[in-house]
Amino acid sequence: MATTSISNMVVTLEAMNPPKLQAAPAASSSSHTLVTTTGKPSIMTCKAAISTQLKPERPMPPKQEQLDISSVWRKLHGEDKWAGLLDPLDPGLRLEIIRYGEMAQATYDSFDYDPYSKYCGSCRYPHEKLFEYLDMTHMGYTVSRYIYATANVSLPSFFKRSRFPHKMWSDRANWAGYIAVSDDQTSKSLGRRDIAIAWRGTVTHTEWLADLTNYLRPLSPEIPCGDQGVKVEAGFMDLYTDKSPQCRFCKYSARHQVLSEVRKLVEKYKDEEVSITITGHSLGSALAVLSAFDLAETGLNVKKDGSGIHISVITFAGPRVGNWRFKERLELDHGVKVLRVVNTHDIVPKSPGFIINESSPEWVYRLFKWLPWSYAHVGVQLELNHRDSPELNPNGDASCAHNLEAYLHLIDGYQGSNLGFKSATERDVALVNKSCDFVKDEHSVPPVWWQDMNKGLVRGSDGLWRQPERPRHVDHPEDIDHHLNQLGLLQSQS
């Protein structure tokens with residue numbers, strides 16, 4: 001790490017890829033001295049006020065040593081439906097939940113939300129360097145591809161667009177997540193080669209709930225399914241299966257992008273034990289559950305030699321996705337294991353299906369389960385309560401209760417029912433306030449502090465401020481058609 005001193009302000013920079021510090025234009029003509037202590041000290045004077053909105057690549061909690069779970073990973077991933085591991089919370093399971101929670105958080109930390117950026121709606125970093133820029137290389141995963149979704153769907157709050165339409169990177173696509181695979185060393189400690197899929201959600205905002213049609217519709221024909229009684233929320237289905245042939249990023253649906261890449265990786269590691277772990281927060285958790293169902297329904301959880309591939313899902317703040325038959329087919333027919341982490345004060349896990357759901361009296365649900373708004377949660381639930389944390393404002397608003405960093409803070413401190421709240425990994429509570437105002441004032445953490453320096457503008461050698469160009473993103477692997485053809489899906493692209 002390198003430390004750069006600006007007047008009386010100290011900013012920590014990543015030595016690997018230190019951002020250039022620029023002076024933000026201001027009316028003041030007072031001089032400021034910039035002293036760089038990296039390498040040979042250099043001093044320069046500029047007549048401008050120094051911007052304090054400096055954003056490090058990613059503030060991370062203390063890095064945990066890689067835990068060897070090779071002998072117990074199946075239990076930690078729901079082989080026995082997490083029996084005996086949730087209350088009290090098993091230390092190994094805690095680390096696994098945080099591991100995949102960090103992968104979901106990475107989709108937020110690298111997504112460009114700025115409507116004044118021509119790259120709004122895209123990932124800030126190329127896929128081959130995503131974990132490097134986010135200081136996540138210690139996790140031991142390599143991103144194999146990005147996932148894109150089309151904006152031509154019924155969930156407009158999920159999509160972000162630039163206010164500069166003549167300069168947009170794409171007028172139809174948004175970055176929706178990524179697929180990664182564990183490296184050799186990590187695979188050894190995990191006990192298998194892990195294919196991880198992380199779906200982007202909606203950070204803290206819950207406005208997207210208003211976009212839901214709250215209408216269940218059959219999976220077929222978009223996702224071929226032998227049981228016509230299986231239904232899912234229509235908006236989730238659109239987001240997962242829609243495509244836009246005119247756009248190079250989403251000419252393939254998010255569904256086809258995922259299926260083709262997973263097939264390629266399963267084939268690549270056919271001689272190893274492989275698992276598929278899917279994660280997401282908020283709307284991303286709905287996509288995680290839906291894609292897990294699809295992978296199993298398509299048969300990608302079975303190798304050519306007949307051996308099975310364990311599919312598990314770890315979601316945060318997820319809504320209900322489908323009806324009771326969806327739940328039964330996912331859990332009983334396909335054996336997919338789902339762990340849902342929820343905050344009791346978060347409204348998103350309570351929707352859709354506010355009136356008729358799995359919590360209704362059995363006779364009520366059975367009587368009305370045929371209705372197009374009768375939903376059922378899947379999997380096993382781990383319920384947390386943000387009022388148990390002595391560091392969070394107990395009266396935080398709905399967006400605070402839904403915040404993923406807050407969820408990870410709660411997982412870090414949760415010990416079990418009536419066992420108190422105590423940090424197990426020394427996770428920095430300041431992370432909670434990256435995109436909300438949830439930490440008590442006594443901790444002196446400013447709200448929404450995760451910001452770009454100078455709104456992403458960089459001053460060039462000519463003295464003018466511009467938004468720098470970013471590396472061109474790879475849209476789809478060259479062999480995607482081959483793998484879709486092997487799955488019998490290529491013709492559905494036409």
# chains A, B, ... in the order shown; residues from 1 in each chain; ligands from 1
call {"tool": "select_by_dssp", "arguments": {"residues": "stretch 140-228 of chain A", "states": "strand (DSSP E)", "output": "JSON, numbers by chain"}}
result
{"A": [141, 142, 143, 144, 145, 146, 147, 148, 149, 150, 173, 174, 175, 176, 177, 178, 179, 180, 181, 182, 193, 194, 195, 196, 197, 198, 199, 216, 217, 218]}
call {"tool": "write_last_selection", "arguments": {"atoms": "C-alpha atoms", "output": "compact mmCIF listing (two decimals), in the first residue's frame"}}
result
# COMPACT_ATOMS: atom_id res chain seq x y z
CA TYR A 141 -11.79 -17.17 -8.09
CA THR A 142 -11.40 -16.09 -11.72
CA VAL A 143 -14.23 -14.45 -13.64
CA SER A 144 -14.95 -16.39 -16.82
CA ARG A 145 -17.61 -14.11 -18.30
CA TYR A 146 -20.06 -11.29 -17.64
CA ILE A 147 -23.85 -11.58 -17.86
CA TYR A 148 -25.95 -8.94 -19.62
CA ALA A 149 -29.70 -8.39 -19.60
CA THR A 150 -31.88 -6.45 -21.98
CA ALA A 173 -28.24 -3.61 -22.28
CA ASN A 174 -27.34 -3.49 -18.60
CA TRP A 175 -24.66 -5.49 -16.83
CA ALA A 176 -26.41 -8.12 -14.70
CA GLY A 177 -23.62 -10.11 -13.03
CA TYR A 178 -20.82 -12.57 -13.67
CA ILE A 179 -19.75 -16.20 -13.61
CA ALA A 180 -16.51 -17.18 -11.87
CA VAL A 181 -14.66 -20.40 -11.12
CA SER A 182 -12.34 -21.32 -8.25
CA ARG A 193 -14.15 -26.97 -8.33
CA ASP A 194 -16.76 -24.30 -7.59
CA ILE A 195 -18.61 -22.47 -10.35
CA ALA A 196 -20.04 -19.30 -8.79
CA ILE A 197 -22.76 -17.18 -10.38
CA ALA A 198 -23.42 -13.73 -8.90
CA TRP A 199 -26.46 -11.72 -9.97
CA LEU A 216 -47.55 -15.86 -11.92
CA ARG A 217 -47.15 -17.38 -15.34
CA PRO A 218 -46.02 -20.82 -16.58
call {"tool": "atom_distance", "arguments": {"atom1": "atom CA of A:Arg263", "atom2": "atom CA of A:Gln381"}}
result
29.5 Å
call {"tool": "select_by_dssp", "arguments": {"residues": "stretch 82-225 of chain A", "states": "alpha helix (DSSP H)", "output": "ChimeraX atom specification"}}
result
/A:91-109,130-133,184-190
call {"tool": "residues_around", "arguments": {"residues": "stretch 475-479 of chain A", "least_positions_apart": "2", "cutoff": "9 Å", "atoms": "only C-alpha atoms", "output": "list in words"}}
result
Arg145, Tyr146, Ile147, Tyr148, Arg248, Phe249, Cys250, Tyr252, Gln257, Ser260, Glu261, Lys264, His473, Asp481, His482, His483 and Leu484 of chain A
call {"tool": "residues_around", "arguments": {"residues": "A:Ile97", "least_positions_apart": "6", "cutoff": "9 Å", "atoms": "only C-alpha atoms", "output": "list of chain:residue names"}}
result
A:Ile314, A:Thr315, A:Val341, A:Leu408, A:Ile411
call {"tool": "write_last_selection", "arguments": {"atoms": "all heavy atoms", "output": "mmCIF file, in the first residue's frame"}}
result
data_model
loop_
_atom_site.group_PDB
_atom_site.id
_atom_site.type_symbol
_atom_site.label_atom_id
_atom_site.label_comp_id
_atom_site.auth_asym_id
_atom_site.auth_seq_id
_atom_site.Cartn_x
_atom_site.Cartn_y
_atom_site.Cartn_z
ATOM 1 N N ILE A 314 -27.339 -19.271 -2.217
ATOM 2 C CA ILE A 314 -27.293 -18.472 -0.990
ATOM 3 C C ILE A 314 -27.730 -17.063 -1.362
ATOM 4 O O ILE A 314 -27.038 -16.367 -2.113
ATOM 5 C CB ILE A 314 -25.890 -18.458 -0.362
ATOM 6 C CG1 ILE A 314 -25.465 -19.885 0.023
ATOM 7 C CG2 ILE A 314 -25.857 -17.547 0.868
ATOM 8 C CD1 ILE A 314 -24.058 -19.979 0.590
ATOM 9 N N THR A 315 -28.902 -16.666 -0.890
ATOM 10 C CA THR A 315 -29.441 -15.369 -1.282
ATOM 11 C C THR A 315 -29.634 -14.462 -0.070
ATOM 12 O O THR A 315 -29.698 -14.917 1.071
ATOM 13 C CB THR A 315 -30.803 -15.523 -1.994
ATOM 14 O OG1 THR A 315 -31.789 -15.999 -1.060
ATOM 15 C CG2 THR A 315 -30.691 -16.478 -3.163
ATOM 16 N N VAL A 341 -31.181 -15.708 3.415
ATOM 17 C CA VAL A 341 -30.858 -14.856 4.555
ATOM 18 C C VAL A 341 -31.764 -13.630 4.479
ATOM 19 O O VAL A 341 -31.786 -12.929 3.461
ATOM 20 C CB VAL A 341 -29.379 -14.428 4.535
ATOM 21 C CG1 VAL A 341 -29.047 -13.610 5.784
ATOM 22 C CG2 VAL A 341 -28.466 -15.654 4.437
ATOM 23 N N LEU A 408 -24.507 -8.354 5.700
ATOM 24 C CA LEU A 408 -23.223 -8.989 5.990
ATOM 25 C C LEU A 408 -22.734 -8.611 7.390
ATOM 26 O O LEU A 408 -22.099 -9.412 8.070
ATOM 27 C CB LEU A 408 -22.202 -8.592 4.925
ATOM 28 C CG LEU A 408 -22.544 -9.057 3.500
ATOM 29 C CD1 LEU A 408 -21.448 -8.640 2.520
ATOM 30 C CD2 LEU A 408 -22.754 -10.564 3.446
ATOM 31 N N ILE A 411 -24.704 -10.915 9.669
ATOM 32 C CA ILE A 411 -24.163 -12.279 9.637
ATOM 33 C C ILE A 411 -22.882 -12.356 10.467
ATOM 34 O O ILE A 411 -22.638 -13.327 11.192
ATOM 35 C CB ILE A 411 -23.880 -12.718 8.188
ATOM 36 C CG1 ILE A 411 -25.191 -13.074 7.487
ATOM 37 C CG2 ILE A 411 -22.925 -13.906 8.130
ATOM 38 C CD1 ILE A 411 -25.841 -14.343 8.004
#
call {"tool": "atom_distance", "arguments": {"atom1": "atom CA of A:Gly416", "atom2": "atom CA of A:Arg387"}}
result
14.2 Å
call {"tool": "closest_residue", "arguments": {"among": "A:Ser461, A:Asn343, A:Ser307, A:Thr298", "to": "A:Ser275", "atoms": "only C-alpha atoms"}}
result
A:Ser307
